[in-house]
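Here is the file start_27.pdb (PDB, C-alpha atoms).
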MODEL        1
ATOM      1  CA  MET A   3      59.032  69.506 -30.711
ATOM      2  CA  ASN A   4      61.772  67.541 -32.426
ATOM      3  CA  GLU A   5      64.755  69.683 -33.251
ATOM      4  CA  THR A   6      66.742  69.175 -36.393
ATOM      5  CA  PRO A   7      69.944  67.310 -35.580
ATOM      6  CA  PRO A   8      73.070  69.376 -36.201
ATOM      7  CA  GLY A   9      74.440  69.107 -39.730
ATOM      8  CA  TYR A  10      71.061  68.424 -41.277
ATOM      9  CA  PRO A  11      69.240  71.063 -43.310
ATOM     10  CA  PRO A  12      66.204  72.566 -41.615
ATOM     11  CA  PRO A  13      62.909  70.907 -42.551
ATOM     12  CA  ALA A  14      60.901  72.397 -45.422
ATOM     13  CA  PRO A  15      58.188  74.811 -44.254
ATOM     14  CA  ALA A  16      54.695  73.359 -43.907
ATOM     15  CA  ALA A  17      52.448  73.701 -46.966
ATOM     16  CA  GLY A  18      50.105  76.661 -46.843
ATOM     17  CA  PRO A  19      50.382  80.271 -45.798
ATOM     18  CA  PRO A  20      51.734  81.378 -42.428
ATOM     19  CA  ALA A  21      49.186  81.716 -39.642
ATOM     20  CA  GLY A  22      47.133  84.894 -39.847
ATOM     21  CA  TYR A  23      47.370  85.234 -43.639
ATOM     22  CA  PRO A  24      44.428  84.576 -45.934
ATOM     23  CA  PRO A  25      44.472  81.124 -47.572
ATOM     24  CA  ALA A  26      46.467  81.042 -50.776
ATOM     25  CA  ALA A  27      45.293  79.199 -53.825
ATOM     26  CA  TYR A  28      46.396  78.883 -57.410
ATOM     27  CA  PRO A  29      45.042  80.501 -59.425
ATOM     28  CA  PRO A  30      44.543  83.329 -56.905
ATOM     29  CA  ALA A  31      41.044  83.294 -55.425
ATOM     30  CA  TYR A  32      39.742  86.564 -56.772
ATOM     31  CA  ALA A  33      36.131  85.918 -55.855
ATOM     32  CA  PRO A  34      35.002  84.910 -52.370
ATOM     33  CA  TYR A  35      33.108  81.907 -53.752
ATOM     34  CA  PRO A  36      32.080  80.585 -57.152
ATOM     35  CA  GLN A  37      28.910  82.276 -58.317
ATOM     36  CA  PHE A  38      26.304  80.344 -60.247
ATOM     37  CA  ARG A  39      25.090  82.302 -63.259
ATOM     38  CA  SER A  40      23.058  81.494 -66.325
ATOM     39  CA  PRO A  41      24.788  81.845 -69.736
ATOM     40  CA  LEU A  42      23.097  85.207 -70.277
ATOM     41  CA  GLN A  43      24.190  86.388 -66.854
ATOM     42  CA  TRP A  44      27.764  85.295 -67.514
ATOM     43  CA  LYS A  45      27.751  87.201 -70.776
ATOM     44  CA  ALA A  46      26.475  90.354 -69.089
ATOM     45  CA  TYR A  47      28.789  89.974 -66.095
ATOM     46  CA  VAL A  48      31.940  89.345 -68.152
ATOM     47  CA  ARG A  49      31.090  92.265 -70.450
ATOM     48  CA  THR A  50      30.588  94.558 -67.444
ATOM     49  CA  GLN A  51      33.858  93.457 -65.860
ATOM     50  CA  LEU A  52      35.905  93.724 -69.060
ATOM     51  CA  ASP A  53      34.434  97.182 -69.705
ATOM     52  CA  ALA A  54      35.564  98.130 -66.200
ATOM     53  CA  GLY A  55      39.108  97.043 -67.050
ATOM     54  CA  GLN A  56      39.298  93.706 -65.262
ATOM     55  CA  PRO A  57      41.810  91.287 -66.818
ATOM     56  CA  VAL A  58      40.641  88.451 -69.027
ATOM     57  CA  ALA A  59      42.511  85.928 -66.902
ATOM     58  CA  ARG A  60      40.396  86.857 -63.911
ATOM     59  CA  MET A  61      37.191  86.281 -65.841
ATOM     60  CA  LEU A  62      38.393  82.892 -67.072
ATOM     61  CA  SER A  63      39.409  81.982 -63.533
ATOM     62  CA  GLU A  64      36.014  82.952 -62.143
ATOM     63  CA  MET A  65      34.176  81.036 -64.818
ATOM     64  CA  GLY A  66      36.380  78.010 -64.276
ATOM     65  CA  ALA A  67      35.761  78.138 -60.523
ATOM     66  CA  ALA A  68      32.022  78.319 -61.182
ATOM     67  CA  GLY A  69      32.105  75.205 -63.365
ATOM     68  CA  VAL A  70      31.864  76.816 -66.794
ATOM     69  CA  GLY A  71      33.650  74.637 -69.357
ATOM     70  CA  GLN A  72      36.968  75.945 -70.656
ATOM     71  CA  GLN A  73      35.815  76.000 -74.285
ATOM     72  CA  ASP A  74      32.606  77.833 -73.397
ATOM     73  CA  ALA A  75      34.529  80.351 -71.308
ATOM     74  CA  TYR A  76      37.058  81.050 -74.069
ATOM     75  CA  ARG A  77      34.290  81.320 -76.652
ATOM     76  CA  LEU A  78      32.371  83.777 -74.483
ATOM     77  CA  VAL A  79      35.400  85.956 -73.814
ATOM     78  CA  THR A  80      36.362  85.972 -77.505
ATOM     79  CA  GLU A  81      32.826  86.981 -78.467
ATOM     80  CA  ILE A  82      32.756  89.785 -75.926
ATOM     81  CA  VAL A  83      36.210  91.103 -76.840
ATOM     82  CA  GLY A  84      35.110  91.143 -80.477
ATOM     83  CA  ALA A  85      31.965  93.084 -79.575
ATOM     84  CA  MET A  86      34.010  95.604 -77.565
ATOM     85  CA  ARG A  87      36.395  96.124 -80.472
ATOM     86  CA  LYS A  88      33.486  96.515 -82.906
ATOM     87  CA  ARG A  89      31.837  99.139 -80.685
ATOM     88  CA  ALA A  90      35.075 101.092 -80.323
ATOM     89  CA  LEU A  91      35.679 101.040 -84.090
ATOM     90  CA  ALA A  92      32.094 102.175 -84.692
ATOM     91  CA  PHE A  93      32.752 105.251 -82.562
ATOM     92  CA  VAL A  94      36.046 105.973 -84.341
ATOM     93  CA  VAL A  95      34.626 105.524 -87.829
ATOM     94  CA  GLY A  96      31.315 107.240 -87.063
ATOM     95  CA  GLY A  97      33.105 110.176 -85.451
ATOM     96  CA  ALA A  98      35.481 110.504 -88.379
ATOM     97  CA  ILE A  99      32.594 110.447 -90.856
ATOM     98  CA  ALA A 100      30.748 113.111 -88.869
ATOM     99  CA  VAL A 101      33.844 115.330 -88.856
ATOM    100  CA  LEU A 102      34.302 114.871 -92.611
ATOM    101  CA  VAL A 103      30.645 115.612 -93.317
ATOM    102  CA  GLY A 104      30.746 118.736 -91.153
ATOM    103  CA  LEU A 105      33.940 119.938 -92.834
ATOM    104  CA  ALA A 106      32.609 119.139 -96.303
ATOM    105  CA  VAL A 107      29.400 121.114 -95.770
ATOM    106  CA  THR A 108      31.311 124.034 -94.263
ATOM    107  CA  VAL A 109      33.885 124.143 -97.060
ATOM    108  CA  ALA A 110      31.269 123.708 -99.802
ATOM    109  CA  THR A 111      29.095 126.532 -98.475
ATOM    110  CA  MET A 112      32.157 128.743 -97.993
ATOM    111  CA  GLN A 113      33.164 128.226-101.627
ATOM    112  CA  ALA A 114      29.630 128.915-102.798
ATOM    113  CA  ALA A 115      29.522 132.032-100.636
ATOM    114  CA  GLN A 116      32.855 133.213-102.082
ATOM    115  CA  GLN A 117      31.561 132.854-105.627
ATOM    116  CA  GLU A 118      28.350 134.635-104.704
ATOM    117  CA  ALA A 119      30.334 137.411-103.048
ATOM    118  CA  GLU A 120      32.451 137.872-106.197
ATOM    119  CA  SER A 121      29.362 138.212-108.353
ATOM    120  CA  SER A 122      26.877 140.041-106.153
ATOM    121  CA  GLY A 123      29.038 141.473-103.395
ATOM    122  CA  SER A 124      27.851 139.324-100.492
ATOM    123  CA  GLY A 125      27.492 135.656 -99.656
ATOM    124  CA  MET A 126      26.407 133.411 -96.828
ATOM    125  CA  TYR A 127      27.979 130.177 -95.649
ATOM    126  CA  VAL A 128      27.192 127.619 -92.987
ATOM    127  CA  MET A 129      29.758 126.649 -90.375
ATOM    128  CA  TRP A 130      28.437 123.259 -89.366
ATOM    129  CA  TRP A 131      30.420 122.904 -86.178
ATOM    130  CA  GLY A 132      28.120 120.358 -84.481
ATOM    131  CA  PRO A 133      29.251 117.264 -86.403
ATOM    132  CA  ILE A 134      32.836 118.530 -86.362
ATOM    133  CA  VAL A 135      33.003 118.957 -82.578
ATOM    134  CA  PHE A 136      30.899 115.974 -81.531
ATOM    135  CA  GLY A 137      32.392 113.803 -84.240
ATOM    136  CA  ALA A 138      35.870 114.589 -82.951
ATOM    137  CA  ILE A 139      34.778 113.797 -79.405
ATOM    138  CA  ALA A 140      33.261 110.510 -80.590
ATOM    139  CA  ALA A 141      36.424 109.567 -82.494
ATOM    140  CA  VAL A 142      38.609 110.280 -79.469
ATOM    141  CA  TYR A 143      36.221 108.315 -77.234
ATOM    142  CA  GLY A 144      36.378 105.444 -79.707
ATOM    143  CA  LEU A 145      40.170 105.471 -79.561
ATOM    144  CA  TYR A 146      39.957 105.434 -75.771
ATOM    145  CA  LEU A 147      37.599 102.434 -75.903
ATOM    146  CA  LEU A 148      39.912 100.737 -78.393
ATOM    147  CA  GLY A 149      42.743 101.153 -75.927
ATOM    148  CA  ARG A 150      40.699  99.421 -73.238
ATOM    149  CA  VAL A 151      39.879  96.367 -75.343
ATOM    150  CA  PRO A 152      41.854  93.415 -73.918
ATOM    151  CA  LYS A 153      44.973  93.178 -76.066
ATOM    152  CA  SER A 154      45.322  89.514 -76.801
ATOM    153  CA  ASN A 155      42.883  86.680 -76.941
ATOM    154  CA  PRO A 156      43.475  84.211 -74.114
TER     155      PRO A 156
ATOM    156  CA  MET B  30      -4.266  76.743 -71.818
ATOM    157  CA  ASP B  31      -6.889  78.960 -70.268
ATOM    158  CA  PHE B  32      -4.916  80.362 -67.389
ATOM    159  CA  ARG B  33      -7.482  82.866 -66.149
ATOM    160  CA  GLY B  34      -8.242  82.316 -62.503
ATOM    161  CA  LYS B  35      -5.430  79.801 -62.030
ATOM    162  CA  LEU B  36      -3.304  80.050 -58.935
ATOM    163  CA  CYS B  37       0.170  81.216 -59.913
ATOM    164  CA  THR B  38       3.159  81.467 -57.601
ATOM    165  CA  LEU B  39       5.251  84.414 -58.699
ATOM    166  CA  TYR B  40       8.687  84.362 -57.093
ATOM    167  CA  PRO B  41      10.236  87.754 -56.406
ATOM    168  CA  ILE B  42      12.763  88.651 -59.063
ATOM    169  CA  SER B  43      16.153  87.361 -57.990
ATOM    170  CA  TRP B  44      19.438  89.252 -58.002
ATOM    171  CA  GLN B  45      21.446  86.036 -57.905
ATOM    172  CA  GLY B  46      24.216  86.258 -60.498
ATOM    173  CA  ALA B  47      23.118  89.634 -61.846
ATOM    174  CA  ALA B  48      25.634  91.972 -63.463
ATOM    175  CA  VAL B  49      25.093  95.209 -61.591
ATOM    176  CA  ALA B  50      26.970  98.358 -62.478
ATOM    177  CA  PRO B  51      28.578  99.904 -59.358
ATOM    178  CA  LYS B  52      26.705 103.196 -59.513
ATOM    179  CA  GLN B  53      24.898 105.306 -56.945
ATOM    180  CA  VAL B  54      21.428 104.049 -57.770
ATOM    181  CA  ASP B  55      18.711 102.477 -55.630
ATOM    182  CA  PHE B  56      18.525  99.060 -57.302
ATOM    183  CA  ASN B  57      15.957  97.767 -54.833
ATOM    184  CA  ALA B  58      13.499 100.414 -55.958
ATOM    185  CA  VAL B  59      14.113  99.375 -59.551
ATOM    186  CA  ALA B  60      13.435  95.706 -58.737
ATOM    187  CA  GLN B  61      10.257  96.698 -56.932
ATOM    188  CA  THR B  62       9.171  98.721 -59.932
ATOM    189  CA  PHE B  63       9.725  95.712 -62.162
ATOM    190  CA  GLN B  64       7.880  93.368 -59.826
ATOM    191  CA  GLY B  65       4.995  95.806 -59.411
ATOM    192  CA  ILE B  66       4.465  96.262 -63.124
ATOM    193  CA  LEU B  67       4.758  92.511 -63.744
ATOM    194  CA  VAL B  68       2.198  91.744 -61.044
ATOM    195  CA  GLY B  69      -0.133  94.364 -62.465
ATOM    196  CA  GLU B  70       0.114  93.087 -66.034
ATOM    197  CA  LEU B  71      -0.278  89.429 -65.098
ATOM    198  CA  GLY B  72      -3.111  90.191 -62.696
ATOM    199  CA  ARG B  73      -4.924  92.155 -65.388
ATOM    200  CA  ALA B  74      -4.638  89.118 -67.637
ATOM    201  CA  GLY B  75      -6.530  87.052 -65.077
ATOM    202  CA  LEU B  76      -3.833  85.174 -63.202
ATOM    203  CA  ASP B  77      -4.347  84.694 -59.472
ATOM    204  CA  LEU B  78      -0.880  85.655 -58.308
ATOM    205  CA  ARG B  79       0.524  84.629 -54.952
ATOM    206  CA  MET B  80       3.851  85.059 -53.210
ATOM    207  CA  PRO B  81       5.708  81.845 -52.363
ATOM    208  CA  VAL B  82       5.372  80.752 -48.761
ATOM    209  CA  ALA B  83       8.034  78.632 -47.134
ATOM    210  CA  GLY B  84       6.742  75.180 -46.329
ATOM    211  CA  THR B  85       3.734  75.327 -48.612
ATOM    212  CA  PRO B  86       3.647  73.920 -52.157
ATOM    213  CA  ASP B  87       3.607  76.212 -55.161
ATOM    214  CA  GLY B  88       0.429  76.950 -57.087
ATOM    215  CA  GLU B  89      -0.626  75.334 -60.365
ATOM    216  CA  LEU B  90       1.647  77.702 -62.228
ATOM    217  CA  VAL B  91       5.075  78.944 -61.186
ATOM    218  CA  ILE B  92       7.039  81.890 -62.493
ATOM    219  CA  HIS B  93      10.723  82.349 -61.609
ATOM    220  CA  GLY B  94      12.744  85.287 -62.785
ATOM    221  CA  GLN B  95      16.238  86.608 -62.340
ATOM    222  CA  ILE B  96      17.919  89.818 -63.258
ATOM    223  CA  VAL B  97      20.604  89.497 -65.920
ATOM    224  CA  ARG B  98      21.801  93.086 -66.000
ATOM    225  CA  ALA B  99      20.929  96.366 -64.281
ATOM    226  CA  ASP B 100      22.963  99.254 -65.641
ATOM    227  CA  PRO B 101      21.889 102.863 -65.158
ATOM    228  CA  GLY B 102      24.317 103.940 -67.900
ATOM    229  CA  SER B 103      26.048 107.293 -67.943
ATOM    230  CA  ARG B 104      24.321 110.656 -68.023
ATOM    231  CA  LEU B 105      27.349 112.304 -69.609
ATOM    232  CA  MET B 106      27.464 109.740 -72.403
ATOM    233  CA  ARG B 107      23.727 110.092 -73.031
ATOM    234  CA  TRP B 108      24.112 113.872 -73.233
ATOM    235  CA  LEU B 109      27.112 113.673 -75.555
ATOM    236  CA  PHE B 110      26.041 110.764 -77.750
ATOM    237  CA  THR B 111      22.272 110.458 -77.357
ATOM    238  CA  TRP B 112      21.025 107.122 -78.725
ATOM    239  CA  PHE B 113      24.550 105.798 -79.213
ATOM    240  CA  ALA B 114      26.015 105.508 -75.735
ATOM    241  CA  GLY B 115      25.224 105.562 -72.038
ATOM    242  CA  ALA B 116      21.860 103.788 -72.244
ATOM    243  CA  ALA B 117      20.153 102.586 -69.071
ATOM    244  CA  VAL B 118      19.497  98.859 -69.415
ATOM    245  CA  PHE B 119      17.441  96.446 -67.338
ATOM    246  CA  GLU B 120      17.492  92.843 -68.549
ATOM    247  CA  VAL B 121      15.731  89.845 -67.043
ATOM    248  CA  GLU B 122      15.181  86.199 -67.863
ATOM    249  CA  GLY B 123      13.124  83.482 -66.270
ATOM    250  CA  GLN B 124      11.069  80.346 -66.530
ATOM    251  CA  VAL B 125       7.359  79.630 -66.553
ATOM    252  CA  GLY B 126       6.041  76.256 -65.593
ATOM    253  CA  ASP B 127       3.787  74.200 -63.461
ATOM    254  CA  ALA B 128       4.640  72.818 -60.043
ATOM    255  CA  SER B 129       6.732  70.001 -61.507
ATOM    256  CA  ALA B 130       8.764  71.478 -64.375
ATOM    257  CA  PRO B 131       9.137  74.595 -66.508
ATOM    258  CA  PHE B 132       7.514  74.606 -69.940
ATOM    259  CA  GLY B 133       8.472  78.031 -71.164
ATOM    260  CA  GLY B 134      10.779  80.934 -70.599
ATOM    261  CA  PHE B 135      11.033  84.651 -71.002
ATOM    262  CA  HIS B 136      13.854  87.060 -71.702
ATOM    263  CA  ALA B 137      13.197  90.786 -71.800
ATOM    264  CA  LYS B 138      15.373  93.854 -71.980
ATOM    265  CA  GLY B 139      14.282  97.417 -71.339
ATOM    266  CA  THR B 140      16.518 100.186 -72.673
ATOM    267  CA  ARG B 141      16.245 103.929 -72.253
ATOM    268  CA  ARG B 142      18.680 105.998 -74.262
ATOM    269  CA  ALA B 143      17.657 109.613 -73.892
ATOM    270  CA  GLY B 144      16.448 112.231 -71.481
ATOM    271  CA  ILE B 145      16.609 115.969 -70.940
ATOM    272  CA  GLY B 146      20.222 116.835 -70.298
ATOM    273  CA  GLY B 147      21.047 113.145 -70.503
ATOM    274  CA  GLY B 148      18.225 112.157 -68.190
ATOM    275  CA  ASP B 149      18.285 111.109 -64.540
ATOM    276  CA  SER B 150      19.895 107.664 -64.335
ATOM    277  CA  GLN B 151      17.591 106.422 -61.562
ATOM    278  CA  GLN B 152      14.482 107.477 -63.459
ATOM    279  CA  LEU B 153      15.701 106.019 -66.731
ATOM    280  CA  LEU B 154      16.586 102.703 -65.076
ATOM    281  CA  ASN B 155      13.115 102.637 -63.501
ATOM    282  CA  ASP B 156      11.613 103.260 -66.921
ATOM    283  CA  ALA B 157      13.783 100.526 -68.426
ATOM    284  CA  ALA B 158      12.554  98.155 -65.698
ATOM    285  CA  LYS B 159       8.951  99.056 -66.577
ATOM    286  CA  LEU B 160       9.574  98.261 -70.226
ATOM    287  CA  ALA B 161      11.224  94.972 -69.288
ATOM    288  CA  ALA B 162       8.297  94.081 -67.029
ATOM    289  CA  GLN B 163       5.746  94.757 -69.764
ATOM    290  CA  GLU B 164       7.690  92.650 -72.248
ATOM    291  CA  SER B 165       8.185  89.883 -69.678
ATOM    292  CA  ALA B 166       4.447  89.803 -68.973
ATOM    293  CA  ARG B 167       3.718  89.572 -72.688
ATOM    294  CA  GLN B 168       6.127  86.652 -73.101
ATOM    295  CA  ILE B 169       4.846  84.873 -69.981
ATOM    296  CA  LEU B 170       1.262  85.129 -71.158
ATOM    297  CA  ALA B 171       2.279  83.885 -74.592
ATOM    298  CA  ALA B 172       4.050  80.887 -73.020
ATOM    299  CA  LEU B 173       0.990  80.121 -70.903
ATOM    300  CA  ALA B 174      -1.358  80.435 -73.848
ATOM    301  CA  ALA B 175       0.813  78.174 -75.974
ATOM    302  CA  HIS B 176       1.093  75.429 -73.367
TER     303      HIS B 176
ENDMDL
END
Give the structure from this file in structure tokens form.
Amino acid sequence: MNETPPGYPPPAPAAGPPAGYPPAAYPPAYAPYPQFRSPLQWKAYVRTQLDAGQPVARMLSEMGAAGVGQQDAYRLVTEIVGAMRKRALAFVVGGAIAVLVGLAVTVATMQAAQQEAESSGSGMYVMWWGPIVFGAIAAVYGLYLLGRVPKSNP
Amino acid sequence: MDFRGKLCTLYPISWQGAAVAPKQVDFNAVAQTFQGILVGELGRAGLDLRMPVAGTPDGELVIHGQIVRADPGSRLMRWLFTWFAGAAVFEVEGQVGDASAPFGGFHAKGTRRAGIGGGDSQQLLNDAAKLAAQESARQILAALAAH
């Protein structure tokens, strides 16, 4: 092996990872090999992965490695992120409406019962706790889903 | 086209590229359920179904299918938000054609959203696969009839 003459800087290291390390690539090779998928399969796969918390960049990288055009990949991811946000907001809004409806019915029947009690001595009201409890759970779940929606469009 | 009695090569449903949720479910049993129902429905319609054999040409008609998504959902979500979350979904797509080229396609999705106490995920996914198979058979027969 030729040694570097004194006074000269050592040669640059050879390109590639040191022996024994997995091959490096840019962007990082997340998947073992590009997977061929139909458009519907890509849509389902990307939705599943984004729901599981995988980063958008990884999805774009996988689609690029599999030969999906950049525009198509961006369009697909944007569509899916929009659908995720819409679903999360539906839970938040639906849960909030359920809570309000439950509270409104409870309060209205309580007021009616109070008036009845003042006039006839007794009254009955309905405590509609189902929509209140499950609506609150749905609203919190919606906020959780909203937090998991990828923050920025690629 | 009068397809009754025609030899049809039905390829086993493929998992290639499918989006499969990482849950503790026997997906092979689900695929077999789908294939069984599809074979039954197409056979009842009069098609002479055969498995592909390596080295031999396909029949007059060929049906290829692949799974798009198999998701058993979440029992907890189905119990909490029945009809709104946690559904078990089995989605397939495929092509129908003759030995040279496809002339039609099918895309079916079976969804089961409810069960007692949320429902058993394996059972609901099986049921979703049955629904998808019945819809797939309907679309395949429609494509054959229209050709």
Fewer than 3 positions away in the same chain doesn't count, so skip those; otherwise give me all residues within 10 Å of Asp156 in chain B, counting only C-alpha atoms, as a list of chain:residue names. B:Val59, B:Thr62, B:Phe63, B:Ala117, B:Val118, B:Phe119, B:Gly139, B:Thr140, B:Arg141, B:Ser150, B:Gln151, B:Gln152, B:Leu153, B:Lys159, B:Leu160, B:Ala161, B:Ala162
For the selection just defined, write its residues with C-alpha atoms to a file, as a JSON list (two decimals), keeping the file's coordinate frame.
[["chain", "number", "residue", "atom", "x", "y", "z"],
["B", 59, "VAL", "CA", 14.11, 99.38, -59.55],
["B", 62, "THR", "CA", 9.17, 98.72, -59.93],
["B", 63, "PHE", "CA", 9.72, 95.71, -62.16],
["B", 117, "ALA", "CA", 20.15, 102.59, -69.07],
["B", 118, "VAL", "CA", 19.50, 98.86, -69.42],
["B", 119, "PHE", "CA", 17.44, 96.45, -67.34],
["B", 139, "GLY", "CA", 14.28, 97.42, -71.34],
["B", 140, "THR", "CA", 16.52, 100.19, -72.67],
["B", 141, "ARG", "CA", 16.24, 103.93, -72.25],
["B", 150, "SER", "CA", 19.90, 107.66, -64.33],
["B", 151, "GLN", "CA", 17.59, 106.42, -61.56],
["B", 152, "GLN", "CA", 14.48, 107.48, -63.46],
["B", 153, "LEU", "CA", 15.70, 106.02, -66.73],
["B", 159, "LYS", "CA", 8.95, 99.06, -66.58],
["B", 160, "LEU", "CA", 9.57, 98.26, -70.23],
["B", 161, "ALA", "CA", 11.22, 94.97, -69.29],
["B", 162, "ALA", "CA", 8.30, 94.08, -67.03]]
Each residue of chain B with at least one atom at most 12 Å from chain A should appear once, together with its nearest atom pair and the corresponding distance in Å (one decimal); atoms considered: all atoms listed in the file; ordering: chain, then increasing residue number; output as a Markdown table.
| residue | atom | partner | partner_atom | distance |
| --- | --- | --- | --- | --- |
| B:Ser43 | CA | A:Arg39 | CA | 11.5 |
| B:Trp44 | CA | A:Arg39 | CA | 10.4 |
| B:Gln45 | CA | A:Arg39 | CA | 7.5 |
| B:Gly46 | CA | A:Arg39 | CA | 4.9 |
| B:Ala47 | CA | A:Gln43 | CA | 6.1 |
| B:Ala48 | CA | A:Tyr47 | CA | 4.6 |
| B:Val49 | CA | A:Tyr47 | CA | 7.8 |
| B:Ala50 | CA | A:Thr50 | CA | 7.2 |
| B:Pro51 | CA | A:Thr50 | CA | 9.9 |
| B:Gly94 | CA | A:Ser40 | CA | 11.5 |
| B:Gln95 | CA | A:Gln43 | CA | 9.1 |
| B:Ile96 | CA | A:Gln43 | CA | 8.0 |
| B:Val97 | CA | A:Gln43 | CA | 4.8 |
| B:Arg98 | CA | A:Ala46 | CA | 6.2 |
| B:Ala99 | CA | A:Ala46 | CA | 9.5 |
| B:Asp100 | CA | A:Thr50 | CA | 9.1 |
| B:Gly102 | CA | A:Thr50 | CA | 11.3 |
| B:Met106 | CA | A:Ala140 | CA | 10.1 |
| B:Trp108 | CA | A:Phe136 | CA | 10.9 |
| B:Leu109 | CA | A:Phe136 | CA | 7.4 |
| B:Phe110 | CA | A:Ala140 | CA | 7.8 |
| B:Thr111 | CA | A:Phe136 | CA | 11.1 |
| B:Phe113 | CA | A:Phe93 | CA | 8.9 |
| B:Ala114 | CA | A:Phe93 | CA | 9.6 |
| B:Val118 | CA | A:Ala46 | CA | 11.0 |
| B:Phe119 | CA | A:Ala46 | CA | 11.0 |
| B:Glu120 | CA | A:Ala46 | CA | 9.3 |
| B:Val121 | CA | A:Gln43 | CA | 9.1 |
| B:Glu122 | CA | A:Leu42 | CA | 8.3 |
| B:Gly123 | CA | A:Ser40 | CA | 10.1 |
| B:His136 | CA | A:Leu42 | CA | 9.5 |
| B:Ala137 | CA | A:Leu42 | CA | 11.5 |
| B:Lys138 | CA | A:Leu42 | CA | 11.7 |
If we count all atoms listed in the file, what is near Gly96 in chain A at a cut-off of 10 Å, once residues fewer than 3 positions away on the same chain are taken out, given as a list in words?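 Near neighbours after the sequence-gap exclusion: Ala90, Leu91, Ala92, Phe93, Ile99, Ala100, Val101, Leu102, Gly137, Ala138, Ala140, Ala141 and Gly144 of chain A.
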Applying 9 Å and all atoms listed in the file, which residues near range 80-86 of chain A remain after dropping the ones on its own chain fewer than 5 positions away? List them as JSON, numbers by chain. {"A": [45, 48, 49, 52, 53, 75, 91, 147, 148, 150, 151, 152, 155, 156]}
Please report the interatomic distance between CA of Ser129 in chain B and CA of Ala171 in chain B in Å with one decimal. 19.6 Å
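The coordinates place CA of Ala143 in chain B at 27.4 Å from CA of Val107 in chain A.
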Enclose range 105-119 of chain A, meaning all of its atoms listed in the file, in a box aligned along x, y and z, pad it by 8 Å on each side, and list the centre and edge lengths in Å to one decimal, as JSON.
{"center_x": 31.1, "center_y": 128.3, "center_z": -99.2, "size_x": 21.6, "size_y": 34.3, "size_z": 28.8}
Which distance in Å separates CA of Phe32 in chain B and CA of Ser165 in chain B, to one decimal?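 CA of Ser165 in chain B lies 16.4 Å from CA of Phe32 in chain B.
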When the PyMOL selection byres ((chain B and resi 79) around 9) is applied to the structure above, which residues does it catch, written out as a PyMOL selection string? chain B and resi 36-40+77-78+80-82+87-88
Please dump the current selection as a short mmCIF file (atom, residue, chain, number, x, y, z; two decimals), in the coordinates of the input; keep C-alpha atoms.
data_model
loop_
_atom_site.label_atom_id
_atom_site.label_comp_id
_atom_site.auth_asym_id
_atom_site.auth_seq_id
_atom_site.Cartn_x
_atom_site.Cartn_y
_atom_site.Cartn_z
CA LEU B 36 -3.30 80.05 -58.94
CA CYS B 37 0.17 81.22 -59.91
CA THR B 38 3.16 81.47 -57.60
CA LEU B 39 5.25 84.41 -58.70
CA TYR B 40 8.69 84.36 -57.09
CA ASP B 77 -4.35 84.69 -59.47
CA LEU B 78 -0.88 85.66 -58.31
CA MET B 80 3.85 85.06 -53.21
CA PRO B 81 5.71 81.84 -52.36
CA VAL B 82 5.37 80.75 -48.76
CA ASP B 87 3.61 76.21 -55.16
CA GLY B 88 0.43 76.95 -57.09
#
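Here the question is which of B:Gly65, B:Gly34, B:Ile92, B:Ala60 gets nearest to Pro131 in chain B using all atoms listed in the file, and that residue is B:Ile92.
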So which one's closest to Met30 in chain B, B:Asp127, B:Glu70, B:Asp149, B:Glu164? Using all atoms listed in the file, please.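 The answer is B:Asp127, which sits nearest to Met30 in chain B.
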Nearest candidate to Met129 in chain A (options A:Tyr143, A:Gly104, A:Val70, A:Ala114; using only C-alpha atoms):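 The closest residue to Met129 in chain A is A:Gly104.
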